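Let me begin by presenting the structure, written as structure tokens, before commenting on it.
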There are 2 protein chains.
Amino acid sequence: MIRVAIFEDNKHLRETFQFLLGNAAGFTCTGAYPDCSELLQSIKRSSPDVVLMDIEMPGMSGIEATRLIKQHFPNIHILIQTVFFEDDYIFNAICAGASGYILKSTTPEGYLESIREVQAGGSPMTPGIARRVLELFKQNFIPTLPTKDYSLTTQEKKVLQLLVAGNSYKMIAAELMVAMDTIKSHISNIYAKLHVHSGTEAVSLAIRDKIV
Amino acid sequence: MIRVAIFEDNKHLRETFQFLLGNAAGFTCTGAYPDCSELLQSIKRSSPDVVLMDIEMPGMSGIEATRLIKQHFPNIHILIQTVFFEDDYIFNAICAGASGYILKSTTPEGYLESIREVQAGGSPMTPGIARRVLELFKQNFIPTLPTKDYSLTTQEKKVLQLLVAGNSYKMIAAELMVAMDTIKSHISNIYAKLHVHSGTEAVSLAIRDKIV
DNA sequence: AACCCTATAGCGAATTCGGGTGATAAATCC
DNA sequence: GGATTTATCACCCGAATTCGCTATAGGGTT
């Protein structure tokens, strides 16, 4: 028996969900709310396994509510449903801790299936949403991936890492147990290989395309 | 009519897919290959809309193949299918440009549906996979979100940005059209606010939790 | 033997760091 | 309205650090 709470401002939809869950085998609706006033109390009282959360609601948005719920009840799965397809919504919902994200065009059976899946530890997503997630993922990660190869030697990499960590030549020398002049020489070589002319530039470049 | 090419080293599975696609309305199988030798030629010849790609294959992996295909034929959608559930696979497949990622446990109808969805611009994913994607997403993004506030003044931020870009005090002064001593004074204040004691450390910290 | 990586060394010039001091205008507080 | 704080800008000094260059040398690889 999966316990489900509903947050949905549209009265008709809310009652439809309530009816759907009430009549489906394996589901119980433990609460249906039109907004997030007294959110945490409502959650506590209905103690759901899964929350079906609308994004667009008067007052607190579903995303904020998701964040709050996950903060206080990390084990509750939250299934976001919305009519909107905006990257910002998707991004923020994920970061807030949503477990799934479906569009409202889903069929009644689709809702039940999605709820089952979040409960089972999955993250049902409308394929269109999933595409956006992948795009967001790539946009923000790929640039860091094509780690250019500046063919630094292992020692040079160590030096660079220590430099990035904010160490001075002296400290790096101590750390690697070599003379400071050696470090100096390594850093010169690093600058040449990275085509930079200062420590700050080297650090900047190092973080952007190399070892973080 | 969706043109589909198959890469799958298991003979039985490959022929099953071929049969499935050959007998399903709206699909044509334009090629079925046991490995990625002559990958690009094969793709060119069969000119598919969607590629069903196995990850584990002798020789080139499905992920490498995905990268290559997307490089040369960006419009082809690639649907990854695998028995494995590894984060590394998922991550790399996405970065290589895969449009969807499904487990091999999917039903025959599931395959057809997934192919339809990638062709329609979606990204079908097994809910379990989707969950991993969201986790990867959060792990790598959330830490960058809570941008700490060091209460730098606007001028100090500019200075810091220029410093991160690799400028020297002199260049920053020229850029902002003030005396170099002013920059020095600003940088001193920045160091104090960031609790660092060198340019490299400041740059490192600035990139990690502030303006990129 | 030629080559690369690592380590060491020295020197002069340039730059950065860490103090302190103080002026000015604008915003904020009382 | 007057006082205080804040942000910006400027200057000076001395010490420390970094930069750029050149040169040497042992160990390992090819």
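Ligands are numbered from 1 in the order shown, chains are lettered A, B, ... in the order of the structure tokens, and residues start at 1 in each chain.
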- Task: After a least-squares superposition of chain A onto chain B, with every Cα atom paired in order, give the RMSD to one decimal place.
- Result: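 Once chain A is fitted onto chain B, the C-alpha RMSD works out to 0.8 Å.
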- Please identify every residue of chain D that has at least one atom no more than 9 Å from any atom of chain A, counting only C-alpha atoms (C1' of nucleotides), and report them as a PyMOL selection string. chain D and resi 17-20
- Find the spatial neighbours of Phe27 (chain A), counting only C-alpha atoms (C1' of nucleotides), within a cut-off of 10 Å - ignore same-chain residues fewer than 2 positions away - and output them as a list in words.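 Result of the neighbour search: Met1, Ile2, Arg3, Val4, Leu20, Leu21, Gly22, Asn23, Ala24, Ala25, Cys29, Thr30, Leu112, Ile115 and Arg116 of chain A.
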- Task: Could you tell me, as a count of residues only, which residues of region 28-201 of chain B DSSP assigns to helix (DSSP H, G or I) when given the backbone?
- Result: 96
- Message: Residues of chain A were defined as contacting chain C if any atom lay at most 8 Å from it, counting only C-alpha atoms (C1' of nucleotides); please report them as a PyMOL selection string.
- Response: chain A and resi 153+178-179+181-182
Go ahead and dump the residues you just picked, N, CA and C atoms, as a compact mmCIF listing (two decimals), in the first residue's frame.
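Wrote it out as out36.txt, contents follow:
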```
# COMPACT_ATOMS: atom_id res chain seq x y z
N THR A 153 54.31 16.62 -16.68
CA THR A 153 54.88 15.45 -16.04
C THR A 153 54.20 15.26 -14.69
N VAL A 178 61.82 19.07 -1.88
CA VAL A 178 62.89 19.41 -2.82
C VAL A 178 63.24 20.88 -2.60
N ALA A 179 64.26 21.35 -3.28
CA ALA A 179 64.67 22.74 -3.11
C ALA A 179 63.69 23.67 -3.79
N ASP A 181 64.28 26.15 -5.62
CA ASP A 181 64.66 26.45 -6.99
C ASP A 181 64.11 25.41 -7.97
N THR A 182 63.99 24.22 -7.49
CA THR A 182 63.41 23.17 -8.33
C THR A 182 61.96 23.50 -8.66
```
- Specify as number ranges by chain all residues of chain B found within 10 Å of chain A, counting only C-alpha atoms. B: 91-92, 94-100, 114, 117-118, 120-142, 145, 162-168, 196-208, 212
- Neighbour list for region 48-64 of chain B as number ranges by chain, cut-off 8 Å, only C-alpha atoms (C1' of nucleotides), skip fewer than 3 positions in-chain: B: 2-9, 30, 34-37, 43, 67-68, 75-82, 89, 92-93, 96, 115, 118-119
- Query: Taking the backbone alone, and naming residues the way the document does, which bits of region 27-194 of chain B are strand (DSSP E or B) by DSSP, as a VMD selection string?
  - Reply: chain B and resid 27 to 33 50 to 54 77 to 82 100 to 103 125
Prev. selection, C-alpha atoms, output as a short mmCIF file (atom, residue, chain, number, x, y, z; two decimals), in the first residue's frame:
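result-v7.cif, written as the output of this step:
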```cif
data_model
loop_
_atom_site.label_atom_id
_atom_site.label_comp_id
_atom_site.auth_asym_id
_atom_site.auth_seq_id
_atom_site.Cartn_x
_atom_site.Cartn_y
_atom_site.Cartn_z
CA PHE B 27 10.05 0.61 -38.48
CA THR B 28 12.74 -0.55 -40.87
CA CYS B 29 15.97 -2.16 -39.86
CA THR B 30 18.64 -0.73 -42.14
CA GLY B 31 21.56 -2.59 -40.69
CA ALA B 32 22.62 -4.93 -37.92
CA TYR B 33 26.25 -5.18 -36.88
CA VAL B 50 18.03 5.93 -34.76
CA VAL B 51 20.86 3.66 -33.69
CA LEU B 52 20.23 1.00 -31.08
CA MET B 53 23.61 0.67 -29.45
CA ASP B 54 24.91 -1.95 -27.09
CA HIS B 77 19.66 9.65 -32.38
CA ILE B 78 21.40 7.02 -30.38
CA LEU B 79 19.58 4.80 -27.95
CA ILE B 80 21.92 3.06 -25.57
CA GLN B 81 20.92 -0.28 -24.18
CA THR B 82 22.91 -2.23 -21.69
CA GLY B 100 18.32 7.62 -24.44
CA TYR B 101 19.51 4.91 -22.11
CA ILE B 102 17.49 1.79 -21.44
CA LEU B 103 18.16 -1.47 -19.70
CA MET B 125 15.22 6.25 -19.78
#
```
- Task: For CA of Ser47 (chain B) and CA of Val83 (chain B), determine how far apart the two atoms are, in Å to one decimal place.
- Result: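 According to the coordinates, CA of Ser47 (chain B) and CA of Val83 (chain B) are separated by 26.3 Å.
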